[in-house]
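Engineer: Below: one structure in structure tokens.
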Amino acid sequence: MSLFQCSKCGCAEDTALCHYWSARLQGTAPICSACDPKIGKWHGEFERVPPEIRLKREMEQWLGISLDIPESHFMSEGPDLAIHAGDRERSCRSGEATSTALRMP
């Protein structure tokens, strides 16, 4: 699965589940399915969280141990789009979009 960071809300999104490639061809910043007005909703294929938290959780699963880094370390409070991570409502961390898709298994 090829992931990228949404340029609007900062969540990790799959390039195949949104208009990533159209944005790249048009030279615009790619956004996730929820931030894209043409789609307007999260697809639900996986949890909507920042890429750092997604990677941490995947590493914990692969290793079979818990990494001693609290998820709150990756989160920032602010006016960004609120999302759900587990049972708690959180905000995706703001940041610039990555210029290339991140390759994650």
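Identifiers in this document derive from the order of the structure tokens: chains are assigned A, B, ..., residues are numbered from 1 separately in each chain, and ligands are numbered from 1 in order of occurrence.
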Extract, using only C-alpha atoms, all DNA, RNA and protein residues at most 9 Å from A:Tyr20, discarding same-chain residues fewer than 3 positions from it, and format them as an mmCIF file with N, CA and C atoms, in the first residue's frame.

Structural biologist:
data_model
loop_
_atom_site.group_PDB
_atom_site.id
_atom_site.type_symbol
_atom_site.label_atom_id
_atom_site.label_comp_id
_atom_site.auth_asym_id
_atom_site.auth_seq_id
_atom_site.Cartn_x
_atom_site.Cartn_y
_atom_site.Cartn_z
ATOM 1 N N PHE A 4 0.563 8.482 1.689
ATOM 2 C CA PHE A 4 1.092 9.841 1.682
ATOM 3 C C PHE A 4 0.419 10.601 2.807
ATOM 4 N N ASP A 14 -4.081 6.351 1.633
ATOM 5 C CA ASP A 14 -3.655 5.450 0.565
ATOM 6 C C ASP A 14 -3.853 6.152 -0.781
ATOM 7 N N THR A 15 -2.838 6.102 -1.626
ATOM 8 C CA THR A 15 -2.921 6.766 -2.930
ATOM 9 C C THR A 15 -4.045 6.209 -3.801
ATOM 10 N N ALA A 16 -4.450 4.966 -3.586
ATOM 11 C CA ALA A 16 -5.477 4.339 -4.413
ATOM 12 C C ALA A 16 -6.901 4.653 -3.953
ATOM 13 N N LEU A 17 -7.065 5.273 -2.776
ATOM 14 C CA LEU A 17 -8.396 5.501 -2.226
ATOM 15 C C LEU A 17 -8.842 6.962 -2.285
ATOM 16 N N ALA A 23 -4.096 14.743 -8.553
ATOM 17 C CA ALA A 23 -3.472 15.931 -7.959
ATOM 18 C C ALA A 23 -2.017 16.047 -8.393
ATOM 19 N N ARG A 24 -1.321 14.927 -8.397
ATOM 20 C CA ARG A 24 0.089 14.947 -8.809
ATOM 21 C C ARG A 24 0.232 15.383 -10.269
ATOM 22 N N LEU A 25 -0.633 14.879 -11.144
ATOM 23 C CA LEU A 25 -0.583 15.254 -12.553
ATOM 24 C C LEU A 25 -0.921 16.731 -12.771
ATOM 25 N N ALA A 29 -1.348 19.994 -4.414
ATOM 26 C CA ALA A 29 -1.042 19.209 -3.216
ATOM 27 C C ALA A 29 -2.098 18.131 -3.031
ATOM 28 N N PRO A 30 -1.688 16.881 -2.822
ATOM 29 C CA PRO A 30 -2.663 15.801 -2.639
ATOM 30 C C PRO A 30 -3.356 15.887 -1.283
ATOM 31 N N ILE A 31 -4.656 15.571 -1.278
ATOM 32 C CA ILE A 31 -5.430 15.560 -0.039
ATOM 33 C C ILE A 31 -6.144 14.222 0.100
ATOM 34 N N CYS A 32 -6.508 13.901 1.332
ATOM 35 C CA CYS A 32 -7.173 12.624 1.613
ATOM 36 C C CYS A 32 -8.618 12.641 1.120
#

Engineer: Might you pull out every residue within 10 Å of stretch 39-46 of chain A, with only C-alpha atoms counted and same-chain residues fewer than 5 positions away left off, and present them as a list in words?

Structural biologist: Ala12, Glu13, Asp14, Leu17, Cys18, His19, Cys32, Ser33, Ala34 and Arg54 of chain A

Engineer: Could you write out the selected residues, including N, CA and C atoms, as a tab-separated table (two decimals), in the first residue's frame?

Structural biologist:
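Ended up saving to again-v4.tsv:
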chain	number	residue	atom	x	y	z
A	12	ALA	N	-2.57	10.01	7.33
A	12	ALA	CA	-1.99	9.07	6.36
A	12	ALA	C	-3.11	8.55	5.48
A	13	GLU	N	-2.91	8.60	4.17
A	13	GLU	CA	-3.94	8.16	3.21
A	13	GLU	C	-3.31	7.27	2.15
A	14	ASP	N	-4.08	6.35	1.63
A	14	ASP	CA	-3.65	5.45	0.57
A	14	ASP	C	-3.85	6.15	-0.78
A	17	LEU	N	-7.06	5.27	-2.78
A	17	LEU	CA	-8.40	5.50	-2.23
A	17	LEU	C	-8.84	6.96	-2.28
A	18	CYS	N	-8.12	7.75	-3.06
A	18	CYS	CA	-8.45	9.16	-3.20
A	18	CYS	C	-7.99	9.63	-4.59
A	19	HIS	N	-7.93	10.92	-4.79
A	19	HIS	CA	-7.50	11.47	-6.08
A	19	HIS	C	-6.03	11.88	-6.06
A	32	CYS	N	-6.51	13.90	1.33
A	32	CYS	CA	-7.17	12.62	1.61
A	32	CYS	C	-8.62	12.64	1.12
A	33	SER	N	-9.25	11.49	1.16
A	33	SER	CA	-10.64	11.38	0.69
A	33	SER	C	-11.59	12.24	1.52
A	34	ALA	N	-11.35	12.37	2.82
A	34	ALA	CA	-12.24	13.17	3.67
A	34	ALA	C	-12.12	14.66	3.39
A	54	ARG	N	0.50	5.64	12.65
A	54	ARG	CA	0.27	4.43	11.85
A	54	ARG	C	1.53	3.58	11.79

Engineer: Hey, what's within 12 Å of A:Pro70 if we count only C-alpha atoms and toss same-chain stuff fewer than 6 positions away? As an NGL selection string, please?

Structural biologist: :A and (52-53 or 56-57)

Engineer: Which residue is closest to A:Ser2? Choose from A:Asp36, A:Ser72, A:Glu60, A:Trp21 and count only C-alpha atoms.

Structural biologist: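 For A:Ser2, the nearest of the candidates is A:Trp21.
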
Engineer: So how many Å separate atom CA of A:Gly10 and atom CA of A:Gln61, to one decimal?

Structural biologist: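 Between these atoms lies a distance of 22.7 Å.
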
Engineer: One decimal, in Å: what's the spacing between atom CA of A:Met1 and atom CA of A:Ser22?

Structural biologist: 17.6 Å

Engineer: Write out as a ChimeraX atom specification the set of residues from stretch 3-45 of chain A that DSSP, computed on the backbone, places in alpha helix (DSSP H).

Structural biologist: /A:20-26

Engineer: What does the file look like for those residues with N, CA and C atoms, as an mmCIF file, in the first residue's frame?

Structural biologist:
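Result saved to again03.cif:
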data_model
loop_
_atom_site.group_PDB
_atom_site.id
_atom_site.type_symbol
_atom_site.label_atom_id
_atom_site.label_comp_id
_atom_site.auth_asym_id
_atom_site.auth_seq_id
_atom_site.Cartn_x
_atom_site.Cartn_y
_atom_site.Cartn_z
ATOM 1 N N TYR A 20 -5.172 11.105 -5.402
ATOM 2 C CA TYR A 20 -3.747 11.412 -5.277
ATOM 3 C C TYR A 20 -3.087 11.624 -6.640
ATOM 4 N N TRP A 21 -3.265 10.667 -7.536
ATOM 5 C CA TRP A 21 -2.554 10.728 -8.819
ATOM 6 C C TRP A 21 -3.065 11.868 -9.701
ATOM 7 N N SER A 22 -4.339 12.190 -9.637
ATOM 8 C CA SER A 22 -4.867 13.344 -10.377
ATOM 9 C C SER A 22 -4.224 14.627 -9.870
ATOM 10 N N ALA A 23 -4.096 14.743 -8.553
ATOM 11 C CA ALA A 23 -3.472 15.931 -7.959
ATOM 12 C C ALA A 23 -2.017 16.047 -8.393
ATOM 13 N N ARG A 24 -1.321 14.927 -8.397
ATOM 14 C CA ARG A 24 0.089 14.947 -8.809
ATOM 15 C C ARG A 24 0.232 15.383 -10.269
ATOM 16 N N LEU A 25 -0.633 14.879 -11.144
ATOM 17 C CA LEU A 25 -0.583 15.254 -12.553
ATOM 18 C C LEU A 25 -0.921 16.731 -12.771
ATOM 19 N N GLN A 26 -1.822 17.258 -11.936
ATOM 20 C CA GLN A 26 -2.227 18.656 -12.054
ATOM 21 C C GLN A 26 -1.285 19.598 -11.311
#

Engineer: Any idea what the distance is between atom CA of A:Val49 and atom CA of A:Cys11?

Structural biologist: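 One can read the atom CA of A:Val49 to atom CA of A:Cys11 distance as 5.1 Å.
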